[in-house]
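Everything below concerns the one structure shown next.
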Amino acid sequence: MSFARVADLVLASPAIARVQVKSVIALPPERAPDLGAGRTRFYVEADTMGLIRGESVISRKVSFLIDGPTSKAKKPGLKGRTLLIFGKVGSRIDQFQLTSSTAVTDWSAANEALVRKVIAEAMAPDAPPAITGISSAFHVTGTILGEGETQIFLETANGSPISLSVIRRPDEKPHFSASLGEVVDEAAWLPEPDTMLWYRLACGLPEQLPARPLRGLDRAEAQAATRDYAAFRGALAPCERTGQPVI
């Protein structure tokens with residue numbers, strides 16, 4: 001799975017476990033009336049091989065529900081496979097509730113390492129928060145033609161500041177940076193792909209700069225800020241939420 005897909009699952013899943021599937025049963029359609037045509041719900045029983053994340057106790061044997069195509073109802077191909085499952089453990093420690101019907105991936109050393117990397121970054125004291133909006137933007141034109149700077153300030157889930165900066169100088173490529181803190185750090189850079197700050201920006205920023213942050217700017221300043229925001233979004237590695245379904 002891609003970093004963005006794993007980050008989605010880790011942030012939504014209080015529990016993550018490694019399990020080995022022992023049995024799979026396709027449930028009759030009346031047991032899963034919410035599914036659309038061509039989809040089947042499977043009841044899976046598995047042995048717990050390890051709890052990667054979770055504050056609660058989990059049973060040595062767990063069961064969970066997963067959806068897949070009806071064409072795989074007779075032979076889902078899960079038995080014997082080792083999986084990583086993402087979700088939560090309820091009042092019954094032998095029942096695991098997946099975050100979503102696709103919150104499962106095949107276990108591999110690489111997949112587990114990626115999950116642990118995302119958990120560590122997400123739980124770090126200085127982890128960047130989720131972006132909830134854009135509060136303001138402004139643009140300052142430089143003293144020579146082609147010079148200027150745009151700063152954009154983001155709204156976040158916990159109120160911690162994140163700001164974006166785009167600096168343009170004649171005959172140079174634009175300098176893009178993202179800063180955590182009250183003061184824009186001009187020494188900062190564009191975040192590297194597959195990091196938590198990159199994920200928050202690439203997967204959390206709106207596609208276009210909204211009109212509200214541009215209030216108070218004149219037409220030329222608003223156009224420059226809009227252009228620089230689009231350039232910043234374009235410079236980020238794209239948010240790709242990829243991963244193969246297990247069924």
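All residue names refer to the structure tokens as shown: chains lettered A, B, ... in order, residues numbered from 1 in each chain, ligands numbered from 1 in order.
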
Determine, for each residue of segment 160-184 of chain A having at least one atom at most 12 Å from an atom of segment 111-127 of chain A, the closest pair of atoms and their separation in Å to one decimal, counting only C-alpha atoms; order by chain and ascending number, as a tab-separated table.
residue	atom	partner	partner_atom	distance
A:Ser160	CA	A:Asp126	CA	10.0
A:Pro161	CA	A:Asp126	CA	11.7
A:Ile162	CA	A:Ala127	CA	11.5
A:Leu180	CA	A:Asp126	CA	8.9
A:Gly181	CA	A:Asp126	CA	10.3

Could the residues in this selection be written to a file with all heavy atoms, as a compact mmCIF listing (two decimals), in the first residue's frame?
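Listing of part-v3.txt after writing:
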# COMPACT_ATOMS: atom_id res chain seq x y z
N SER A 160 -2.88 24.26 15.81
CA SER A 160 -1.45 24.51 15.60
C SER A 160 -1.23 25.14 14.22
O SER A 160 -1.85 24.71 13.24
CB SER A 160 -0.65 23.21 15.70
OG SER A 160 -0.79 22.65 16.99
N PRO A 161 -0.36 26.13 14.14
CA PRO A 161 -0.20 26.83 12.86
C PRO A 161 0.63 26.04 11.85
O PRO A 161 1.61 25.38 12.20
CB PRO A 161 0.53 28.12 13.26
CG PRO A 161 1.27 27.76 14.50
CD PRO A 161 0.43 26.74 15.22
N ILE A 162 0.22 26.11 10.61
CA ILE A 162 1.00 25.65 9.46
C ILE A 162 0.92 26.75 8.42
O ILE A 162 -0.17 27.25 8.12
CB ILE A 162 0.49 24.33 8.87
CG1 ILE A 162 0.52 23.19 9.90
CG2 ILE A 162 1.31 23.92 7.66
CD1 ILE A 162 -0.01 21.86 9.37
N LEU A 180 6.00 24.81 10.35
CA LEU A 180 5.18 24.52 11.51
C LEU A 180 5.56 25.52 12.59
O LEU A 180 6.71 25.55 13.04
CB LEU A 180 5.42 23.09 12.01
CG LEU A 180 5.10 21.96 11.02
CD1 LEU A 180 5.52 20.62 11.61
CD2 LEU A 180 3.65 21.95 10.66
N GLY A 181 4.65 26.35 12.99
CA GLY A 181 4.94 27.37 13.99
C GLY A 181 4.34 28.71 13.61
O GLY A 181 3.79 28.89 12.51

Sorted by chain and rising residue number, list the residues of segment 66-174 of chain A at most 9 Å from segment 194-217 of chain A (counting only C-alpha atoms), each with its closest atom pair and distance in Å to one decimal, as CSV.
residue,atom,partner,partner_atom,distance
A:Val118,CA,A:Met196,CA,7.5
A:Glu121,CA,A:Met196,CA,6.3
A:Ala122,CA,A:Met196,CA,6.9
A:Ala127,CA,A:Met196,CA,7.2
A:Pro128,CA,A:Leu197,CA,5.8
A:Pro129,CA,A:Arg200,CA,7.3
A:Ala130,CA,A:Arg200,CA,6.0
A:Ile131,CA,A:Gly204,CA,5.7
A:Thr132,CA,A:Gly204,CA,7.7
A:Gly133,CA,A:Leu205,CA,7.6
A:Ile134,CA,A:Pro213,CA,6.5
A:Ser135,CA,A:Pro213,CA,5.6
A:Ser136,CA,A:Pro213,CA,4.1
A:Ala137,CA,A:Pro213,CA,5.4
A:Phe138,CA,A:Leu217,CA,7.0
A:His139,CA,A:Leu217,CA,8.2
A:Ile152,CA,A:Pro213,CA,8.4
A:Phe153,CA,A:Pro213,CA,8.8
A:Leu154,CA,A:Leu205,CA,9.0

Deliver the residues from the most recent selection as a file, using C-alpha atoms, as a tab-separated table (two decimals), in the first residue's frame.
chain	number	residue	atom	x	y	z
A	118	VAL	CA	3.47	5.89	9.92
A	121	GLU	CA	5.28	9.80	12.74
A	122	ALA	CA	1.60	10.14	13.61
A	127	ALA	CA	3.28	15.56	14.37
A	128	PRO	CA	1.53	17.94	11.96
A	129	PRO	CA	-2.23	18.09	12.54
A	130	ALA	CA	-5.01	17.57	10.03
A	131	ILE	CA	-5.74	20.57	7.81
A	132	THR	CA	-9.28	21.89	8.11
A	133	GLY	CA	-9.10	25.00	5.93
A	134	ILE	CA	-7.17	28.08	4.82
A	135	SER	CA	-7.47	31.16	7.02
A	136	SER	CA	-5.62	33.79	5.04
A	137	ALA	CA	-3.23	34.54	2.22
A	138	PHE	CA	-1.24	37.53	1.12
A	139	HIS	CA	1.23	38.45	-1.60
A	152	ILE	CA	-0.67	31.17	3.02
A	153	PHE	CA	-1.83	30.31	6.54
A	154	LEU	CA	-3.73	27.10	7.22

Contact residues around segment 166-178 of chain A with only C-alpha atoms at 6 Å, ignoring same-chain residues under 5 positions, as a ChimeraX atom specification:
/A:146-150,188-190

For Ala225 of chain A, which residue among A:Gln151, A:Ile25, A:Ala15, A:Lys61 is the nearest when counting only C-alpha atoms?
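Under the stated criterion, the closest residue is A:Gln151.
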
Separation of atom CA of Gly159 of chain A from atom CA of Val140 of chain A in Å:
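One can read the atom CA of Val140 of chain A to atom CA of Gly159 of chain A distance as 25.6 Å.
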
Residues at most 9 Å from Ala17 of chain A, counting only C-alpha atoms, excluding those fewer than 4 positions away in the same chain, as a list in words?
Thr48, Met49, Gly50, Leu51, Ile52, Arg53, Gly54, Ile58, Leu83, Leu84, Ile85, Phe86 and Gly87 of chain A

Those residues with all heavy atoms, as a JSON list (two decimals), in the first residue's frame please?
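Listed below is the output, again_1.json:
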[["chain", "number", "residue", "atom", "x", "y", "z"],
["A", 48, "THR", "N", -4.43, -14.61, 16.08],
["A", 48, "THR", "CA", -3.69, -13.37, 16.26],
["A", 48, "THR", "C", -2.20, -13.67, 16.41],
["A", 48, "THR", "O", -1.79, -14.45, 17.27],
["A", 48, "THR", "CB", -4.18, -12.62, 17.51],
["A", 48, "THR", "OG1", -5.58, -12.38, 17.40],
["A", 48, "THR", "CG2", -3.44, -11.30, 17.67],
["A", 49, "MET", "N", -1.40, -13.06, 15.57],
["A", 49, "MET", "CA", 0.05, -13.28, 15.61],
["A", 49, "MET", "C", 0.79, -12.11, 16.26],
["A", 49, "MET", "O", 1.97, -12.22, 16.56],
["A", 49, "MET", "CB", 0.57, -13.51, 14.20],
["A", 49, "MET", "CG", -0.09, -14.69, 13.49],
["A", 49, "MET", "SD", 0.52, -14.93, 11.82],
["A", 49, "MET", "CE", 2.17, -15.52, 12.14],
["A", 50, "GLY", "N", 0.08, -11.01, 16.45],
["A", 50, "GLY", "CA", 0.72, -9.87, 17.11],
["A", 50, "GLY", "C", -0.16, -8.64, 17.02],
["A", 50, "GLY", "O", -0.88, -8.45, 16.04],
["A", 51, "LEU", "N", -0.11, -7.81, 18.05],
["A", 51, "LEU", "CA", -0.83, -6.55, 18.06],
["A", 51, "LEU", "C", 0.19, -5.44, 17.83],
["A", 51, "LEU", "O", 1.07, -5.21, 18.65],
["A", 51, "LEU", "CB", -1.55, -6.35, 19.41],
["A", 51, "LEU", "CG", -2.51, -5.17, 19.50],
["A", 51, "LEU", "CD1", -3.67, -5.31, 18.51],
["A", 51, "LEU", "CD2", -3.05, -5.03, 20.93],
["A", 52, "ILE", "N", 0.08, -4.78, 16.69],
["A", 52, "ILE", "CA", 1.03, -3.74, 16.32],
["A", 52, "ILE", "C", 0.66, -2.41, 16.96],
["A", 52, "ILE", "O", 1.53, -1.63, 17.34],
["A", 52, "ILE", "CB", 1.10, -3.62, 14.78],
["A", 52, "ILE", "CG1", 1.63, -4.92, 14.19],
["A", 52, "ILE", "CG2", 1.96, -2.43, 14.35],
["A", 52, "ILE", "CD1", 1.57, -4.97, 12.67],
["A", 53, "ARG", "N", -0.62, -2.17, 17.08],
["A", 53, "ARG", "CA", -1.10, -0.95, 17.74],
["A", 53, "ARG", "C", -2.37, -1.28, 18.50],
["A", 53, "ARG", "O", -3.23, -2.00, 17.98],
["A", 53, "ARG", "CB", -1.37, 0.15, 16.72],
["A", 53, "ARG", "CG", -1.84, 1.46, 17.37],
["A", 53, "ARG", "CD", -2.25, 2.48, 16.34],
["A", 53, "ARG", "NE", -2.46, 3.78, 16.95],
["A", 53, "ARG", "CZ", -2.95, 4.84, 16.32],
["A", 53, "ARG", "NH1", -3.28, 4.76, 15.05],
["A", 53, "ARG", "NH2", -3.11, 5.97, 16.95],
["A", 54, "GLY", "N", -2.51, -0.74, 19.69],
["A", 54, "GLY", "CA", -3.73, -0.96, 20.44],
["A", 54, "GLY", "C", -3.51, -0.88, 21.94],
["A", 54, "GLY", "O", -2.51, -1.40, 22.44],
["A", 58, "ILE", "N", -6.44, -8.14, 23.08],
["A", 58, "ILE", "CA", -7.05, -8.84, 21.95],
["A", 58, "ILE", "C", -6.89, -10.34, 22.16],
["A", 58, "ILE", "O", -5.86, -10.80, 22.70],
["A", 58, "ILE", "CB", -6.41, -8.39, 20.61],
["A", 58, "ILE", "CG1", -7.19, -8.96, 19.42],
["A", 58, "ILE", "CG2", -4.95, -8.78, 20.53],
["A", 58, "ILE", "CD1", -6.76, -8.40, 18.08],
["A", 83, "LEU", "N", -2.32, -11.55, 7.31],
["A", 83, "LEU", "CA", -2.85, -10.23, 6.97],
["A", 83, "LEU", "C", -2.54, -9.22, 8.06],
["A", 83, "LEU", "O", -2.34, -9.57, 9.22],
["A", 83, "LEU", "CB", -4.37, -10.30, 6.79],
["A", 83, "LEU", "CG", -4.94, -11.33, 5.81],
["A", 83, "LEU", "CD1", -6.47, -11.32, 5.90],
["A", 83, "LEU", "CD2", -4.48, -11.05, 4.39],
["A", 84, "LEU", "N", -2.54, -7.96, 7.66],
["A", 84, "LEU", "CA", -2.60, -6.84, 8.60],
["A", 84, "LEU", "C", -4.01, -6.30, 8.56],
["A", 84, "LEU", "O", -4.54, -5.99, 7.49],
["A", 84, "LEU", "CB", -1.61, -5.74, 8.20],
["A", 84, "LEU", "CG", -0.13, -6.07, 8.32],
["A", 84, "LEU", "CD1", 0.71, -4.94, 7.74],
["A", 84, "LEU", "CD2", 0.27, -6.34, 9.77],
["A", 85, "ILE", "N", -4.65, -6.21, 9.73],
["A", 85, "ILE", "CA", -6.02, -5.71, 9.80],
["A", 85, "ILE", "C", -6.06, -4.43, 10.63],
["A", 85, "ILE", "O", -5.35, -4.30, 11.63],
["A", 85, "ILE", "CB", -6.99, -6.78, 10.36],
["A", 85, "ILE", "CG1", -6.56, -7.25, 11.74],
["A", 85, "ILE", "CG2", -7.09, -7.96, 9.40],
["A", 85, "ILE", "CD1", -7.55, -8.24, 12.38],
["A", 86, "PHE", "N", -6.89, -3.48, 10.19],
["A", 86, "PHE", "CA", -6.95, -2.16, 10.79],
["A", 86, "PHE", "C", -8.37, -1.90, 11.30],
["A", 86, "PHE", "O", -9.33, -2.07, 10.54],
["A", 86, "PHE", "CB", -6.59, -1.08, 9.76],
["A", 86, "PHE", "CG", -5.23, -1.23, 9.14],
["A", 86, "PHE", "CD1", -5.00, -2.17, 8.13],
["A", 86, "PHE", "CD2", -4.18, -0.42, 9.55],
["A", 86, "PHE", "CE1", -3.74, -2.29, 7.55],
["A", 86, "PHE", "CE2", -2.92, -0.53, 8.98],
["A", 86, "PHE", "CZ", -2.71, -1.47, 7.97],
["A", 87, "GLY", "N", -8.51, -1.51, 12.56],
["A", 87, "GLY", "CA", -9.84, -1.25, 13.09],
["A", 87, "GLY", "C", -9.83, -1.01, 14.57],
["A", 87, "GLY", "O", -9.02, -0.23, 15.08]]

Which residues come within 8 Å of segment 65-72 of chain A, counting only C-alpha atoms, excluding same-chain residues fewer than 4 positions away, as a PyMOL selection string?
chain A and resi 38-44+76-77+97-98+101-102+247

Nearest residue to Pro191 of chain A out of A:Ile16, A:Ala109, A:Ala222, A:Leu236, using only C-alpha atoms?
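Of all the options, A:Leu236 lies closest to Pro191 of chain A.
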